[in-house]
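Listing of model_29.tsv, TSV, C-alpha atoms and all ligand atoms
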```tsv
chain	number	residue	atom	x	y	z
A	1	MET	CA	98.02	245.04	104.61
A	2	SER	CA	96.74	246.22	101.23
A	3	GLU	CA	94.84	243.78	99.06
A	4	MET	CA	97.49	244.12	96.38
A	5	ILE	CA	100.38	242.86	98.50
A	6	GLN	CA	98.21	240.24	100.19
A	7	LYS	CA	97.22	238.88	96.81
A	8	LEU	CA	100.77	238.89	95.47
A	9	ARG	CA	101.94	237.00	98.54
A	10	ALA	CA	99.12	234.43	98.51
A	11	ALA	CA	98.87	233.83	94.75
A	12	GLN	CA	102.50	234.60	93.89
A	13	ASN	CA	101.04	236.47	90.98
A	14	LEU	CA	99.19	239.59	89.88
A	15	THR	CA	97.60	240.75	86.63
A	16	ASP	CA	99.64	242.90	84.27
A	17	SER	CA	97.66	245.97	85.23
A	18	GLU	CA	98.18	245.32	88.94
A	19	LEU	CA	101.91	244.85	88.33
A	20	LYS	CA	101.98	248.11	86.41
A	21	THR	CA	100.40	249.93	89.34
A	22	LEU	CA	102.78	248.31	91.81
A	23	LEU	CA	105.84	249.12	89.69
A	24	GLU	CA	104.88	252.73	89.14
A	25	THR	CA	104.09	253.92	92.66
A	26	ASP	CA	106.02	254.01	95.90
A	27	VAL	CA	102.94	253.74	98.15
A	28	TYR	CA	103.31	249.97	98.57
A	29	ASP	CA	107.07	249.94	99.06
A	30	GLU	CA	107.20	249.52	102.84
A	31	GLU	CA	104.58	246.78	103.07
A	32	LEU	CA	106.13	245.08	100.04
A	33	ARG	CA	109.45	245.06	101.89
A	34	LEU	CA	107.85	243.65	105.05
A	35	ALA	CA	106.05	240.91	103.13
A	36	ALA	CA	109.18	240.03	101.13
A	37	ASP	CA	111.22	239.80	104.32
A	38	ALA	CA	108.57	237.64	105.99
A	39	VAL	CA	108.53	235.23	103.02
A	40	ARG	CA	112.34	235.07	102.84
A	41	ARG	CA	112.36	234.22	106.58
A	42	GLU	CA	109.71	231.52	106.08
A	43	HIS	CA	111.86	229.76	103.50
A	44	TYR	CA	115.43	230.68	104.40
A	45	GLY	CA	115.33	232.00	107.96
A	46	THR	CA	118.00	234.67	108.32
A	47	ASP	CA	120.53	232.72	106.23
A	48	VAL	CA	122.60	234.63	103.68
A	49	TYR	CA	124.59	232.49	101.26
A	50	ILE	CA	127.96	233.60	99.99
A	51	ARG	CA	129.36	232.84	96.55
A	52	GLY	CA	132.99	233.43	95.66
A	53	LEU	CA	133.13	235.30	92.38
A	54	ILE	CA	136.22	234.69	90.23
A	55	GLU	CA	136.32	237.08	87.29
A	56	PHE	CA	138.83	235.12	85.25
A	57	THR	CA	138.88	237.01	81.94
A	58	ASN	CA	137.72	240.41	80.75
A	59	TYR	CA	138.29	239.65	77.07
A	60	CYS	CA	134.94	239.55	75.27
A	61	LYS	CA	133.97	238.97	71.67
A	62	ASN	CA	130.62	240.67	72.19
A	63	ASP	CA	129.86	244.35	71.93
A	64	CYS	CA	126.89	244.96	74.23
A	65	TYR	CA	126.22	248.69	74.28
A	66	TYR	CA	126.01	248.92	78.07
A	67	CYS	CA	129.04	246.89	79.09
A	68	GLY	CA	132.47	248.21	80.01
A	69	ILE	CA	134.30	245.10	78.81
A	70	ARG	CA	132.68	245.13	75.32
A	71	ARG	CA	135.16	244.35	72.58
A	72	SER	CA	135.15	247.88	71.16
A	73	ASN	CA	136.29	249.42	74.41
A	74	ARG	CA	139.94	250.07	73.60
A	75	CYS	CA	140.46	251.64	77.03
A	76	ALA	CA	139.83	248.37	78.87
A	77	GLU	CA	143.07	246.76	79.96
A	78	ARG	CA	142.57	243.07	79.22
A	79	TYR	CA	143.65	240.14	81.39
A	80	ARG	CA	143.21	236.40	81.69
A	81	LEU	CA	143.83	234.19	84.71
A	82	THR	CA	145.67	230.90	84.29
A	83	LYS	CA	144.23	227.67	85.56
A	84	GLU	CA	146.74	227.82	88.43
A	85	GLU	CA	145.64	231.34	89.36
A	86	ILE	CA	142.01	230.26	89.30
A	87	LEU	CA	142.81	227.31	91.55
A	88	GLU	CA	144.61	229.64	93.96
A	89	CYS	CA	141.47	231.78	94.16
A	90	CYS	CA	139.48	228.66	95.01
A	91	GLU	CA	141.98	227.63	97.64
A	92	GLU	CA	141.83	231.01	99.30
A	93	GLY	CA	138.05	231.03	99.04
A	94	TYR	CA	137.67	227.55	100.48
A	95	ALA	CA	139.74	228.53	103.52
A	96	LEU	CA	137.46	231.56	103.98
A	97	GLY	CA	134.40	229.32	104.01
A	98	PHE	CA	133.18	229.58	100.42
A	99	ARG	CA	131.50	226.43	99.11
A	100	THR	CA	130.40	227.87	95.78
A	101	PHE	CA	132.81	229.18	93.18
A	102	VAL	CA	131.44	231.32	90.38
A	103	LEU	CA	133.69	231.47	87.33
A	104	GLN	CA	132.59	234.54	85.45
A	105	GLY	CA	134.13	236.05	82.36
A	106	GLY	CA	133.56	237.73	79.05
A	107	GLU	CA	132.92	235.51	76.03
A	108	ASP	CA	136.60	234.86	75.46
A	109	PRO	CA	137.45	232.42	72.64
A	110	TYR	CA	140.82	231.66	74.27
A	111	TYR	CA	138.91	229.54	76.78
A	112	THR	CA	137.87	226.77	74.44
A	113	ASP	CA	135.50	224.08	75.68
A	114	GLU	CA	138.55	221.93	76.31
A	115	ARG	CA	140.17	224.58	78.51
A	116	ILE	CA	136.94	225.26	80.40
A	117	CYS	CA	136.41	221.55	81.02
A	118	ASP	CA	140.00	221.19	82.16
A	119	ILE	CA	139.59	224.02	84.69
A	120	VAL	CA	136.19	222.76	85.87
A	121	SER	CA	137.42	219.18	86.37
A	122	ALA	CA	140.48	220.40	88.29
A	123	ILE	CA	138.22	222.34	90.68
A	124	ARG	CA	135.77	219.43	90.87
A	125	GLY	CA	138.62	217.03	91.76
A	126	ARG	CA	139.93	219.24	94.54
A	127	TYR	CA	136.58	220.39	95.96
A	128	PRO	CA	134.06	217.57	95.61
A	129	ASP	CA	131.82	219.23	98.23
A	130	CYS	CA	131.57	222.56	96.41
A	131	ALA	CA	129.20	223.88	93.79
A	132	ILE	CA	130.82	225.14	90.60
A	133	THR	CA	128.96	227.90	88.80
A	134	LEU	CA	129.84	229.07	85.31
A	135	SER	CA	128.92	232.47	83.91
A	136	ILE	CA	130.58	232.66	80.51
A	137	GLY	CA	127.75	233.56	78.19
A	138	GLU	CA	126.03	231.99	75.21
A	139	LYS	CA	127.34	228.60	74.07
A	140	SER	CA	125.98	225.64	72.15
A	141	HIS	CA	123.97	222.87	73.80
A	142	ASP	CA	126.96	220.54	73.32
A	143	SER	CA	129.36	222.94	75.01
A	144	TYR	CA	127.02	223.39	77.98
A	145	LYS	CA	126.70	219.63	78.21
A	146	SER	CA	130.47	219.11	78.22
A	147	TYR	CA	130.96	221.60	81.08
A	148	PHE	CA	128.20	219.88	83.03
A	149	GLU	CA	129.85	216.51	82.52
A	150	ALA	CA	133.17	217.98	83.67
A	151	GLY	CA	131.52	218.88	86.97
A	152	ALA	CA	129.82	222.28	86.67
A	153	ASN	CA	126.44	222.38	88.47
A	154	ARG	CA	125.14	225.87	87.99
A	155	TYR	CA	125.09	228.49	85.27
A	156	LEU	CA	124.34	232.21	85.42
A	157	LEU	CA	123.14	233.90	82.25
A	158	ARG	CA	121.06	237.02	82.69
A	159	HIS	CA	118.41	237.36	80.04
A	160	GLU	CA	118.97	241.17	80.29
A	161	THR	CA	115.48	242.00	78.92
A	162	ALA	CA	112.68	239.69	77.80
A	163	ASN	CA	111.39	242.06	75.13
A	164	ALA	CA	113.03	241.20	71.78
A	165	GLU	CA	112.80	244.75	70.48
A	166	HIS	CA	114.31	246.17	73.66
A	167	TYR	CA	116.98	243.46	73.53
A	168	SER	CA	117.95	244.67	70.06
A	169	ARG	CA	118.41	248.22	71.35
A	170	LEU	CA	120.87	247.04	74.00
A	171	HIS	CA	122.86	244.66	71.81
A	172	PRO	CA	124.31	244.51	68.28
A	173	SER	CA	122.27	242.50	65.78
A	174	GLU	CA	124.28	239.29	66.13
A	175	LEU	CA	122.87	238.93	69.65
A	176	THR	CA	119.18	238.10	69.96
A	177	PHE	CA	116.74	237.46	72.76
A	178	GLU	CA	115.69	234.31	70.91
A	179	ASN	CA	119.13	232.77	71.28
A	180	ARG	CA	119.46	233.97	74.87
A	181	ARG	CA	116.20	232.25	75.68
A	182	LYS	CA	117.27	229.05	73.93
A	183	CYS	CA	120.50	229.00	75.94
A	184	LEU	CA	118.60	229.31	79.22
A	185	PHE	CA	116.22	226.48	78.36
A	186	ASP	CA	119.13	224.33	77.12
A	187	LEU	CA	120.92	224.84	80.43
A	188	LYS	CA	117.83	223.83	82.36
A	189	GLU	CA	117.26	220.77	80.22
A	190	ILE	CA	120.85	219.60	80.77
A	191	GLY	CA	120.29	219.75	84.51
A	192	TYR	CA	122.04	222.91	85.62
A	193	GLN	CA	120.65	225.05	88.39
A	194	VAL	CA	120.10	228.19	86.37
A	195	GLY	CA	120.30	231.88	87.14
A	196	ALA	CA	118.69	234.52	84.94
A	197	GLY	CA	118.03	238.21	85.53
A	198	PHE	CA	117.99	241.70	84.12
A	199	MET	CA	119.20	245.24	84.59
A	200	VAL	CA	116.82	247.74	86.14
A	201	GLY	CA	116.69	251.12	84.44
A	202	SER	CA	118.58	250.14	81.31
A	203	PRO	CA	118.20	252.61	78.44
A	204	PHE	CA	114.73	252.57	76.78
A	205	GLN	CA	113.27	250.27	79.46
A	206	THR	CA	109.54	250.73	80.15
A	207	THR	CA	107.21	249.28	82.78
A	208	GLU	CA	105.88	246.95	80.07
A	209	HIS	CA	109.40	245.60	79.55
A	210	LEU	CA	109.71	244.94	83.28
A	211	ILE	CA	106.39	243.10	83.26
A	212	ALA	CA	107.70	240.99	80.34
A	213	ASP	CA	110.79	240.23	82.46
A	214	LEU	CA	108.58	239.08	85.34
A	215	ARG	CA	106.50	236.91	82.99
A	216	PHE	CA	109.60	235.40	81.41
A	217	LEU	CA	110.95	234.53	84.84
A	218	GLN	CA	107.65	232.83	85.71
A	219	GLU	CA	107.99	230.74	82.58
A	220	LEU	CA	111.65	229.84	83.12
A	221	SER	CA	111.39	229.40	86.88
A	222	PRO	CA	115.13	229.75	87.50
A	223	ASP	CA	116.91	228.81	90.74
A	224	MET	CA	118.50	232.24	90.97
A	225	ILE	CA	117.46	235.70	89.80
A	226	GLY	CA	120.15	238.37	89.59
A	227	ILE	CA	119.00	241.94	89.19
A	228	GLY	CA	120.77	245.24	89.69
A	229	PRO	CA	120.61	248.79	88.46
A	230	PHE	CA	121.96	249.76	85.07
A	231	LEU	CA	125.04	251.87	85.80
A	232	SER	CA	126.62	253.78	82.95
A	233	HIS	CA	130.20	253.21	81.87
A	234	LYS	CA	132.08	256.17	80.43
A	235	ASP	CA	133.61	254.28	77.49
A	236	THR	CA	130.41	252.77	76.11
A	237	PRO	CA	127.70	254.07	73.75
A	238	PHE	CA	125.42	254.38	76.81
A	239	SER	CA	127.79	256.64	78.75
A	240	ASP	CA	125.25	259.47	78.86
A	241	TYR	CA	122.22	257.46	79.95
A	242	PRO	CA	121.04	257.83	83.56
A	243	ASN	CA	121.65	255.09	86.11
A	244	GLY	CA	118.84	252.86	87.32
A	245	GLU	CA	117.04	253.89	90.50
A	246	LEU	CA	117.64	252.29	93.88
A	247	LYS	CA	113.99	252.26	94.90
A	248	LEU	CA	112.92	250.52	91.69
A	249	VAL	CA	115.57	247.82	92.19
A	250	LEU	CA	114.32	247.27	95.75
A	251	ARG	CA	110.69	247.21	94.59
A	252	LEU	CA	111.56	244.53	92.04
A	253	LEU	CA	113.49	242.50	94.62
A	254	GLY	CA	110.40	242.54	96.84
A	255	ILE	CA	108.11	241.54	93.97
A	256	LEU	CA	110.48	238.74	92.90
A	257	ARG	CA	110.67	237.35	96.45
A	258	LEU	CA	106.88	237.21	96.59
A	259	MET	CA	106.51	235.70	93.13
A	260	HIS	CA	109.34	233.16	93.69
A	261	PRO	CA	109.37	232.39	97.43
A	262	GLN	CA	112.20	229.83	97.15
A	263	VAL	CA	114.43	231.58	94.66
A	264	LEU	CA	118.02	232.59	95.40
A	265	LEU	CA	118.11	236.35	95.14
A	266	PRO	CA	121.47	238.09	95.30
A	267	ALA	CA	122.04	241.58	96.63
A	268	THR	CA	124.28	242.36	93.68
A	269	THR	CA	127.55	244.25	93.33
A	270	ALA	CA	125.79	246.87	91.19
A	271	LEU	CA	123.30	247.45	94.02
A	272	GLY	CA	126.20	247.81	96.46
A	273	THR	CA	127.92	250.19	94.04
A	274	MET	CA	124.99	252.58	93.67
A	275	HIS	CA	124.46	253.13	97.40
A	276	PRO	CA	126.73	252.53	100.41
A	277	GLN	CA	123.97	250.50	102.09
A	278	GLY	CA	122.64	249.05	98.85
A	279	ARG	CA	123.34	245.43	99.66
A	280	GLU	CA	121.94	245.65	103.20
A	281	LEU	CA	118.79	247.28	101.81
A	282	GLY	CA	118.56	244.44	99.30
A	283	LEU	CA	118.91	241.83	102.04
A	284	ARG	CA	116.14	243.54	103.96
A	285	THR	CA	113.90	243.39	100.89
A	286	GLY	CA	114.05	239.67	100.18
A	287	ALA	CA	117.59	239.10	98.91
A	288	ASN	CA	119.49	236.17	100.45
A	289	VAL	CA	122.80	235.86	98.57
A	290	VAL	CA	125.95	237.97	98.35
A	291	MET	CA	128.78	237.33	95.92
A	292	PRO	CA	132.08	238.78	97.12
A	293	ASN	CA	135.02	238.96	94.78
A	294	LEU	CA	137.69	236.27	95.01
A	295	SER	CA	139.70	237.48	92.02
A	296	PRO	CA	143.32	238.49	92.66
A	297	LYS	CA	143.60	242.13	93.75
A	298	SER	CA	145.77	242.96	90.71
A	299	VAL	CA	142.94	242.29	88.22
A	300	ARG	CA	139.90	243.40	90.20
A	301	GLU	CA	139.92	246.94	88.89
A	302	LYS	CA	140.05	245.70	85.32
A	303	TYR	CA	136.69	243.92	85.43
A	304	MET	CA	134.85	247.22	85.10
A	305	LEU	CA	131.41	246.49	83.75
A	306	TYR	CA	130.27	249.98	84.80
A	307	ASP	CA	131.87	253.06	86.36
A	308	ASN	CA	132.97	252.94	90.02
A	309	LYS	CA	132.34	249.21	90.42
A	310	ILE	CA	133.27	248.43	94.01
A	311	SER	CA	136.40	246.31	94.14
A	312	THR	CA	138.04	246.91	97.50
A	313	GLY	CA	137.07	246.93	101.15
A	314	GLU	CA	133.89	245.03	101.88
A	315	GLU	CA	133.79	243.74	98.36
A	316	SER	CA	136.96	241.67	98.68
A	317	ALA	CA	136.77	238.19	100.08
A	318	GLN	CA	139.55	239.10	102.49
A	319	SER	CA	136.97	241.28	104.15
A	320	VAL	CA	134.50	238.45	104.47
A	321	ARG	CA	134.47	238.93	108.23
A	322	ASN	CA	133.58	242.56	107.70
A	323	LEU	CA	130.85	241.50	105.38
A	324	SER	CA	129.52	239.02	107.92
A	325	ALA	CA	129.38	241.80	110.49
A	326	GLN	CA	127.44	244.02	108.09
A	327	VAL	CA	125.04	241.23	107.27
A	328	GLN	CA	124.58	240.60	110.98
A	329	ALA	CA	123.93	244.27	111.60
A	330	ALA	CA	121.16	244.12	109.01
A	331	GLY	CA	119.59	241.25	110.99
A	332	TYR	CA	120.85	238.21	109.04
A	333	ARG	CA	123.63	235.65	109.21
A	334	VAL	CA	126.19	234.53	106.62
A	335	VAL	CA	126.25	230.76	106.29
A	336	THR	CA	128.83	228.70	104.46
A	337	ALA	CA	126.57	225.92	103.18
A	338	ARG	CA	126.38	225.43	99.41
A	339	GLY	CA	122.89	226.87	99.55
A	340	ASP	CA	121.20	225.04	96.72
A	341	ALA	CA	117.80	226.56	95.97
A	342	LYS	CA	114.95	224.87	97.81
A	343	SER	CA	117.36	222.82	99.97
A	344	TYR	CA	116.81	224.91	103.10
A	345	ARG	CA	115.15	223.10	105.94
A	346	LYS	CA	113.72	224.99	108.84
A	347	SER	CA	115.42	223.74	111.97
B	401	LIG	N1	125.36	248.29	84.48
B	401	LIG	C1	124.82	247.31	85.24
B	401	LIG	N2	125.00	246.01	85.00
B	401	LIG	C2	125.76	245.66	83.95
B	401	LIG	N3	126.10	244.47	83.47
B	401	LIG	C3	126.89	244.65	82.40
B	401	LIG	N4	127.07	245.95	82.18
B	401	LIG	C4	126.37	246.62	83.13
B	401	LIG	C5	126.14	247.98	83.42
B	401	LIG	N5	126.66	248.95	82.67
B	401	LIG	C6	125.55	243.24	84.00
B	401	LIG	C7	124.81	242.47	82.92
B	401	LIG	C8	125.59	241.17	82.84
B	401	LIG	C9	126.25	241.08	84.19
B	401	LIG	C10	127.47	240.23	84.25
B	401	LIG	O1	126.57	242.42	84.48
B	401	LIG	O2	123.47	242.23	83.34
B	401	LIG	O3	124.78	240.05	82.59
```

Output the structure of this file as structure tokens.
Ligand code: 5AD
Amino acid sequence: MSEMIQKLRAAQNLTDSELKTLLETDVYDEELRLAADAVRREHYGTDVYIRGLIEFTNYCKNDCYYCGIRRSNRCAERYRLTKEEILECCEEGYALGFRTFVLQGGEDPYYTDERICDIVSAIRGRYPDCAITLSIGEKSHDSYKSYFEAGANRYLLRHETANAEHYSRLHPSELTFENRRKCLFDLKEIGYQVGAGFMVGSPFQTTEHLIADLRFLQELSPDMIGIGPFLSHKDTPFSDYPNGELKLVLRLLGILRLMHPQVLLPATTALGTMHPQGRELGLRTGANVVMPNLSPKSVREKYMLYDNKISTGEESAQSVRNLSAQVQAAGYRVVTARGDAKSYRKS
């Protein structure tokens, strides 16, 4: 094995210039994949955790230039799920074996803290053995605290890019990396298991930005890291920018597995969208989580963050058996445990 990959595996770190080399060439890709897979097996065996994703609103007050549900997109058909509909998704998911529910949505002011807490406590009351994950954007410390007290355990908030100048080219001026960062540290301080992450190949992204992302993740040390390719959406200002590249996403998954041996690393929907075997390739390069969609069929096509987002077939929770078969074919096994980071015990 090359010195580079050996060092990354042993030290869980490299210098900036080594990272630059690793990010900009494909010569290490196969041994990076092998090392990432070996490390994932050391810590998690062949286990793949499943998370039931409930996309409960596509209303959003933000206007991120890359995102299909940005407020300025008049073409997006908006929807909200009621508490009862959300609970039905959980019920269906629980029967299918899901023990983590991820409530994801745009930043929708209709869901006040009171409404969020009411939904979270209803789920908590019915499913005391499940993890409840929120992914509803930037809120105040107090709001995050109230959701936590209502029973939420985890929170996903991608940092998107750790370079403030790059951040300002992807978002309108009311959104800043500084606040994003504060939110992530607030969440950690409150006691959430936290997920961060970034898009690969977003407009204007350079290798230096990716290195900043890796450094930021070392500083934050999140429980989960979600990455996927940037995929353009036709009704956004970034409609004409090229999509991220599969091999760079895989390279970063491998690097992240070696830098964060215990982290939960999803093979994301965007990865599955860009290539028919995208998720399997991700699982073979260190990823250990998949997040199928539990939202009602009628709304799935409306949560279009980017063009062609997969929303049927293998993506639906109804096809969870299909998914299990695919995971098995790739050499792994779907498990229904909650899968808290670092809780895996080799047996
Ligand atoms: N391409 C890829 N990922 C996107 N997201 C939003 N828009 C896009 C896009 N066009 C990602 C962001 C966000 C997550 C919910 O989806 O990283 O945090």

If I wrap all listed atoms of ligand LIG 401 (chain B) in a box with edges along x, y and z and add 6 Å on each side, what are its centre and edge lengths in Å to one decimal, as AutoDock Vina command-line options?
```
--center_x 125.5 --center_y 244.5 --center_z 83.7 --size_x 16.0 --size_y 20.9 --size_z 15.1
```

Q.
Report as a PyMOL selection string all protein, DNA and RNA residues lying within 12 Å of Thr268 (chain A), evaluated on only C-alpha atoms, omitting residues in the same chain fewer than 3 positions from it.
A. chain A and resi 50-51+53+197-200+224-230+246+249-250+253+264-265+271-275+277-283+287-293+309-310+315

Any chance you can output those residues with C-alpha atoms as a PDB file, in the coordinates of the input?
```pdb
ATOM      1  CA  ILE A  50     127.960 233.600  99.990  1.00  0.00           C
ATOM      2  CA  ARG A  51     129.360 232.840  96.550  1.00  0.00           C
ATOM      3  CA  LEU A  53     133.130 235.300  92.380  1.00  0.00           C
ATOM      4  CA  GLY A 197     118.030 238.210  85.530  1.00  0.00           C
ATOM      5  CA  PHE A 198     117.990 241.700  84.120  1.00  0.00           C
ATOM      6  CA  MET A 199     119.200 245.240  84.590  1.00  0.00           C
ATOM      7  CA  VAL A 200     116.820 247.740  86.140  1.00  0.00           C
ATOM      8  CA  MET A 224     118.500 232.240  90.970  1.00  0.00           C
ATOM      9  CA  ILE A 225     117.460 235.700  89.800  1.00  0.00           C
ATOM     10  CA  GLY A 226     120.150 238.370  89.590  1.00  0.00           C
ATOM     11  CA  ILE A 227     119.000 241.940  89.190  1.00  0.00           C
ATOM     12  CA  GLY A 228     120.770 245.240  89.690  1.00  0.00           C
ATOM     13  CA  PRO A 229     120.610 248.790  88.460  1.00  0.00           C
ATOM     14  CA  PHE A 230     121.960 249.760  85.070  1.00  0.00           C
ATOM     15  CA  LEU A 246     117.640 252.290  93.880  1.00  0.00           C
ATOM     16  CA  VAL A 249     115.570 247.820  92.190  1.00  0.00           C
ATOM     17  CA  LEU A 250     114.320 247.270  95.750  1.00  0.00           C
ATOM     18  CA  LEU A 253     113.490 242.500  94.620  1.00  0.00           C
ATOM     19  CA  LEU A 264     118.020 232.590  95.400  1.00  0.00           C
ATOM     20  CA  LEU A 265     118.110 236.350  95.140  1.00  0.00           C
ATOM     21  CA  LEU A 271     123.300 247.450  94.020  1.00  0.00           C
ATOM     22  CA  GLY A 272     126.200 247.810  96.460  1.00  0.00           C
ATOM     23  CA  THR A 273     127.920 250.190  94.040  1.00  0.00           C
ATOM     24  CA  MET A 274     124.990 252.580  93.670  1.00  0.00           C
ATOM     25  CA  HIS A 275     124.460 253.130  97.400  1.00  0.00           C
ATOM     26  CA  GLN A 277     123.970 250.500 102.090  1.00  0.00           C
ATOM     27  CA  GLY A 278     122.640 249.050  98.850  1.00  0.00           C
ATOM     28  CA  ARG A 279     123.340 245.430  99.660  1.00  0.00           C
ATOM     29  CA  GLU A 280     121.940 245.650 103.200  1.00  0.00           C
ATOM     30  CA  LEU A 281     118.790 247.280 101.810  1.00  0.00           C
ATOM     31  CA  GLY A 282     118.560 244.440  99.300  1.00  0.00           C
ATOM     32  CA  LEU A 283     118.910 241.830 102.040  1.00  0.00           C
ATOM     33  CA  ALA A 287     117.590 239.100  98.910  1.00  0.00           C
ATOM     34  CA  ASN A 288     119.490 236.170 100.450  1.00  0.00           C
ATOM     35  CA  VAL A 289     122.800 235.860  98.570  1.00  0.00           C
ATOM     36  CA  VAL A 290     125.950 237.970  98.350  1.00  0.00           C
ATOM     37  CA  MET A 291     128.780 237.330  95.920  1.00  0.00           C
ATOM     38  CA  PRO A 292     132.080 238.780  97.120  1.00  0.00           C
ATOM     39  CA  ASN A 293     135.020 238.960  94.780  1.00  0.00           C
ATOM     40  CA  LYS A 309     132.340 249.210  90.420  1.00  0.00           C
ATOM     41  CA  ILE A 310     133.270 248.430  94.010  1.00  0.00           C
ATOM     42  CA  GLU A 315     133.790 243.740  98.360  1.00  0.00           C
TER      43      GLU A 315
END
```

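With all atoms listed in the file as the atoms that count, the minimum distance from ligand LIG 401 (chain B) to the choices A:Tyr127, A:Phe216, A:Tyr44, A:Tyr66 is reached by A:Tyr66.
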
Using only C-alpha atoms, find each residue of region 142-251 of chain A with at least one atom at most 12 Å away from an atom of region 104-109 of chain A; report its shortest atom-to-atom pair and that distance in Å (one decimal), sort the rows by chain and rising residue number, and return the result as a tab-separated table.
```
residue	atom	partner	partner_atom	distance
A:Arg154	CA	A:Gln104	CA	11.7
A:Tyr155	CA	A:Gln104	CA	9.6
A:Leu156	CA	A:Gln104	CA	8.6
A:Leu157	CA	A:Gln104	CA	10.0
```

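Note that the spacing between CA of Ser298 (chain A) and CA of Leu81 (chain A) amounts to 10.8 Å.
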
Q) Which is closer to Ile86 (chain A) than all the others in A:Leu187, A:Ala10, A:Ser295, A:Ala150, using only C-alpha atoms? A)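 Comparing A:Leu187, A:Ala10, A:Ser295, A:Ala150 against Ile86 (chain A), the winner is A:Ser295.
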
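Note that CA of Ser2 (chain A) and CA of Thr21 (chain A) are 13.0 Å apart.
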
I'd like a table as a tab-separated table: residues in region 210-257 of chain A with an atom no more than 12 Å from region 175-182 of chain A, each row giving the shortest atom pair and its distance in Å to one decimal, all atoms listed in the file counted, sorted by chain and rising residue number.
```
residue	atom	partner	partner_atom	distance
A:Asp213	CA	A:Phe177	CA	11.7
A:Phe216	CA	A:Arg181	CA	9.3
A:Leu217	CA	A:Arg181	CA	10.8
A:Glu219	CA	A:Arg181	CA	10.8
A:Leu220	CA	A:Arg181	CA	9.0
```

Q) So, counting all atoms listed in the file, which residue among A:Ser121, A:Gln12, A:Ser232, A:Ser143 is closest to ligand LIG 401 (chain B)? A)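 Result for the nearest residue to ligand LIG 401 (chain B): A:Ser232.
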
Q: Using all atoms listed in the file, pick whichever of A:Phe204, A:Arg215, A:Gly125, A:Gly52 has the shortest atom-to-atom distance to Gly244 (chain A).
A: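 That would be A:Phe204, the residue with the smallest distance to Gly244 (chain A).
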
**Q.** Best match for closeness to Asp37 (chain A) among A:Lys61, A:Arg99, A:Arg126, A:Arg9, counting all atoms listed in the file
**A.**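 Going through A:Lys61, A:Arg99, A:Arg126, A:Arg9 one by one, the smallest distance to Asp37 (chain A) is for A:Arg9.
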
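The residue set within 10 Å of Glu30 (chain A), counting all atoms listed in the file and dropping same-chain residues fewer than 6 places from it, reads Ala36, Arg251, Gly254 and Thr285 of chain A.
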
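Distance check against ligand LIG 401 (chain B) using all atoms listed in the file: of A:Ala341, A:Leu305, A:Leu294, A:Leu214, the minimum falls on A:Leu305.
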
Q. What separation in Å, quoted to one decimal, exists between CA of Gly191 (chain A) and CA of Ser140 (chain A)?
A.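 Atom-to-atom, CA of Gly191 (chain A) and CA of Ser140 (chain A) are spaced 14.8 Å apart.
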
Fix up region 235-242 of chain A with N, CA, C and O atoms, then write it as a compact mmCIF listing (two decimals), in the frame of the given file.
```
# COMPACT_ATOMS: atom_id res chain seq x y z
N ASP A 235 133.08 254.63 78.81
CA ASP A 235 133.61 254.28 77.49
C ASP A 235 132.68 253.37 76.70
O ASP A 235 133.14 252.48 75.97
N THR A 236 131.39 253.55 76.86
CA THR A 236 130.41 252.77 76.11
C THR A 236 129.44 253.72 75.40
O THR A 236 129.35 254.90 75.77
N PRO A 237 128.69 253.22 74.42
CA PRO A 237 127.70 254.07 73.75
C PRO A 237 126.62 254.58 74.71
O PRO A 237 125.93 255.56 74.40
N PHE A 238 126.46 253.96 75.86
CA PHE A 238 125.42 254.38 76.81
C PHE A 238 125.99 255.25 77.93
O PHE A 238 125.38 255.36 79.00
N SER A 239 127.14 255.87 77.68
CA SER A 239 127.79 256.64 78.75
C SER A 239 126.90 257.78 79.28
O SER A 239 127.01 258.14 80.44
N ASP A 240 126.03 258.31 78.43
CA ASP A 240 125.25 259.47 78.86
C ASP A 240 123.86 259.12 79.38
O ASP A 240 123.08 260.01 79.71
N TYR A 241 123.55 257.84 79.45
CA TYR A 241 122.22 257.46 79.95
C TYR A 241 122.23 257.42 81.48
O TYR A 241 123.23 257.06 82.10
N PRO A 242 121.08 257.79 82.09
CA PRO A 242 121.04 257.83 83.56
C PRO A 242 121.09 256.42 84.18
O PRO A 242 120.65 255.45 83.55
```
